[in-house]
>>> print(open('query.pdb').read())   # PDB, C-alpha atoms, pLDDT in the B column
ATOM      1  CA  SER A   1       0.000   0.000   0.000  1.00 94.00           C
ATOM      2  CA  THR A   2       1.042   3.600  -0.455  1.00 94.00           C
ATOM      3  CA  ARG A   3      -0.193   7.159  -0.257  1.00 94.00           C
ATOM      4  CA  ILE A   4       0.593  10.082  -2.502  1.00 91.00           C
ATOM      5  CA  ASP A   5      -0.433  13.716  -2.140  1.00 92.00           C
ATOM      6  CA  LEU A   6      -1.415  15.407  -5.390  1.00 87.00           C
ATOM      7  CA  THR A   7      -1.407  19.204  -5.349  1.00 89.00           C
ATOM      8  CA  LEU A   8      -4.475  20.707  -7.043  1.00 86.00           C
ATOM      9  CA  ALA A   9      -5.770  24.266  -7.180  1.00 88.00           C
ATOM     10  CA  GLU A  10      -9.074  24.658  -5.347  1.00 89.00           C
ATOM     11  CA  SER A  11     -10.931  25.206  -8.635  1.00 90.00           C
ATOM     12  CA  LYS A  12      -9.519  22.000 -10.108  1.00 89.00           C
ATOM     13  CA  LYS A  13     -10.269  20.103  -6.888  1.00 89.00           C
ATOM     14  CA  ALA A  14     -13.905  21.280  -7.025  1.00 89.00           C
ATOM     15  CA  LYS A  15     -14.126  20.255 -10.678  1.00 92.00           C
ATOM     16  CA  LEU A  16     -12.735  16.804  -9.824  1.00 89.00           C
ATOM     17  CA  LEU A  17     -15.287  16.286  -7.036  1.00 89.00           C
ATOM     18  CA  SER A  18     -18.126  17.378  -9.283  1.00 92.00           C
ATOM     19  CA  HIS A  19     -16.967  15.037 -12.047  1.00 92.00           C
ATOM     20  CA  LEU A  20     -16.564  12.023  -9.736  1.00 93.00           C
ATOM     21  CA  THR A  21     -19.967  12.648  -8.161  1.00 93.00           C
ATOM     22  CA  LYS A  22     -21.552  12.370 -11.601  1.00 93.00           C
ATOM     23  CA  GLU A  23     -19.355   9.736 -13.221  1.00 92.00           C
ATOM     24  CA  THR A  24     -17.284   6.778 -12.033  1.00 93.00           C
ATOM     25  CA  PRO A  25     -14.312   5.924 -14.254  1.00 94.00           C
ATOM     26  CA  ASP A  26     -14.486   2.567 -16.044  1.00 95.00           C
ATOM     27  CA  ALA A  27     -10.843   1.798 -15.315  1.00 95.00           C
ATOM     28  CA  LEU A  28      -7.684   3.057 -13.640  1.00 94.00           C
ATOM     29  CA  ASP A  29      -4.822   2.317 -15.981  1.00 95.00           C
ATOM     30  CA  ARG A  30      -5.148  -1.438 -16.660  1.00 94.00           C
ATOM     31  CA  PHE A  31      -7.573  -2.221 -13.807  1.00 96.00           C
ATOM     32  CA  LYS A  32     -11.327  -2.270 -14.281  1.00 97.00           C
ATOM     33  CA  VAL A  33     -13.293  -0.348 -11.634  1.00 97.00           C
ATOM     34  CA  LEU A  34     -15.806  -2.779 -10.119  1.00 97.00           C
ATOM     35  CA  ARG A  35     -17.609  -0.296  -7.878  1.00 97.00           C
ATOM     36  CA  CYS A  36     -17.209   3.012  -6.062  1.00 97.00           C
ATOM     37  CA  SER A  37     -17.987   3.910  -2.444  1.00 96.00           C
ATOM     38  CA  ARG A  38     -18.471   7.541  -1.484  1.00 95.00           C
ATOM     39  CA  LEU A  39     -18.422   6.983   2.275  1.00 91.00           C
ATOM     40  CA  ASP A  40     -15.085   8.665   3.037  1.00 88.00           C
ATOM     41  CA  GLY A  41     -14.015  10.249  -0.243  1.00 94.00           C
ATOM     42  CA  PHE A  42     -14.126   8.240  -3.473  1.00 96.00           C
ATOM     43  CA  LYS A  43     -12.983   4.646  -3.011  1.00 97.00           C
ATOM     44  CA  PHE A  44     -12.644   2.640  -6.202  1.00 97.00           C
ATOM     45  CA  TYR A  45     -12.665  -1.125  -5.816  1.00 98.00           C
ATOM     46  CA  LEU A  46     -10.623  -2.646  -8.610  1.00 98.00           C
ATOM     47  CA  GLU A  47     -10.247  -6.073 -10.099  1.00 95.00           C
ATOM     48  CA  LYS A  48      -7.431  -8.243  -8.679  1.00 92.00           C
ATOM     49  CA  GLU A  49      -8.297  -7.075  -5.139  1.00 93.00           C
ATOM     50  CA  GLY A  50      -6.809  -3.601  -5.537  1.00 96.00           C
ATOM     51  CA  TRP A  51      -8.375  -0.322  -4.480  1.00 97.00           C
ATOM     52  CA  MET A  52      -7.761   3.409  -4.536  1.00 97.00           C
ATOM     53  CA  LEU A  53      -9.236   6.075  -2.265  1.00 97.00           C
ATOM     54  CA  LEU A  54      -9.228   9.765  -3.234  1.00 95.00           C
ATOM     55  CA  ARG A  55      -9.722  12.120  -0.295  1.00 94.00           C
ATOM     56  CA  PRO A  56      -9.689  15.842  -1.004  1.00 91.00           C
ATOM     57  CA  SER A  57      -8.251  17.947   1.796  1.00 90.00           C
ATOM     58  CA  GLY A  58     -10.622  20.466   3.300  1.00 87.00           C
ATOM     59  CA  THR A  59      -7.801  22.773   4.378  1.00 90.00           C
ATOM     60  CA  GLU A  60      -5.071  22.367   1.748  1.00 90.00           C
ATOM     61  CA  PRO A  61      -4.959  22.503  -2.072  1.00 91.00           C
ATOM     62  CA  LEU A  62      -4.400  18.777  -2.449  1.00 90.00           C
ATOM     63  CA  VAL A  63      -6.008  15.397  -2.869  1.00 91.00           C
ATOM     64  CA  ARG A  64      -4.657  12.475  -0.895  1.00 94.00           C
ATOM     65  CA  CYS A  65      -4.587   9.230  -2.811  1.00 94.00           C
ATOM     66  CA  TYR A  66      -4.383   5.952  -0.893  1.00 96.00           C
ATOM     67  CA  MET A  67      -3.799   2.743  -2.854  1.00 96.00           C
ATOM     68  CA  GLU A  68      -3.423  -0.941  -2.198  1.00 97.00           C
ATOM     69  CA  ALA A  69      -2.573  -3.792  -4.557  1.00 96.00           C
ATOM     70  CA  ARG A  70      -1.103  -7.295  -4.508  1.00 95.00           C
ATOM     71  CA  SER A  71       2.232  -6.293  -6.069  1.00 96.00           C
ATOM     72  CA  ARG A  72       4.459  -3.262  -6.547  1.00 95.00           C
ATOM     73  CA  LYS A  73       3.828  -3.428 -10.300  1.00 96.00           C
ATOM     74  CA  ASP A  74       0.053  -3.316  -9.750  1.00 96.00           C
ATOM     75  CA  LEU A  75       0.441  -0.464  -7.269  1.00 95.00           C
ATOM     76  CA  LEU A  76       2.394   1.603  -9.790  1.00 95.00           C
ATOM     77  CA  SER A  77      -0.276   0.918 -12.409  1.00 95.00           C
ATOM     78  CA  ILE A  78      -3.019   2.141 -10.055  1.00 95.00           C
ATOM     79  CA  GLN A  79      -0.936   5.242  -9.294  1.00 93.00           C
ATOM     80  CA  ARG A  80      -0.595   5.982 -13.031  1.00 93.00           C
ATOM     81  CA  GLY A  81      -4.356   5.590 -13.365  1.00 93.00           C
ATOM     82  CA  ALA A  82      -4.963   8.036 -10.508  1.00 89.00           C
ATOM     83  CA  GLU A  83      -2.613  10.625 -11.968  1.00 87.00           C
ATOM     84  CA  THR A  84      -4.177  10.245 -15.414  1.00 89.00           C
ATOM     85  CA  LEU A  85      -7.666  10.665 -13.947  1.00 87.00           C
ATOM     86  CA  LEU A  86      -6.698  13.840 -12.090  1.00 81.00           C
ATOM     87  CA  HIS A  87      -4.946  15.399 -15.066  1.00 79.00           C
ATOM     88  CA  LYS A  88      -7.806  14.660 -17.483  1.00 80.00           C
ATOM     89  CA  ILE A  89     -10.214  16.795 -15.486  1.00 77.00           C
TER      90      ILE A  89
END
>>> encode(input="query.pdb", output="structure tokens")
Amino acid sequence: STRIDLTLAESKKAKLLSHLTKETPDALDRFKVLRCSRLDGFKFYLEKEGWMLLRPSGTEPLVRCYMEARSRKDLLSIQRGAETLLHKI
């Protein structure tokens, strides 16, 4: 597992939250998104038992991204998917 902090301007963070509220991505890099929980941020449950949780900070211009996977290679793939998702919005 790992955590990365992604710096985002408040306007971009708001746009991300709005987008994710309306639409769940189909995949993160090479992993299909099976479902999304919005209990404590946006937690994407992925195939192969991986997951990623995006939690926007309420006090800082960043989004914390927590990830877990079965291997380092899978973890890096999920991280690429998270970064791609954030930069597309």
>>> residues_around(input="query.pdb", residues="region 43-60 of chain A", least_positions_apart="3", cutoff="10 Å", atoms="all atoms listed in the file", output="ChimeraX atom specification")
/A:1-10,13-14,16-17,24-28,30-40,63-71,74-75,78-79,81-82
>>> atom_distance(input="query.pdb", atom1="CA of Lys88 (chain A)", atom2="CA of Leu20 (chain A)")
12.0 Å
>>> atom_distance(input="query.pdb", atom1="CA of Gly41 (chain A)", atom2="CA of Lys15 (chain A)")
14.5 Å
>>> atom_distance(input="query.pdb", atom1="CA of Lys22 (chain A)", atom2="CA of Phe42 (chain A)")
11.8 Å
>>> axis_aligned_box(input="query.pdb", around="region 53-71 of chain A", padding_each_side="6 Å", output="AutoDock Vina command-line options")
--center_x -4.2 --center_y 7.7 --center_z -0.8 --size_x 24.9 --size_y 42.1 --size_z 22.4
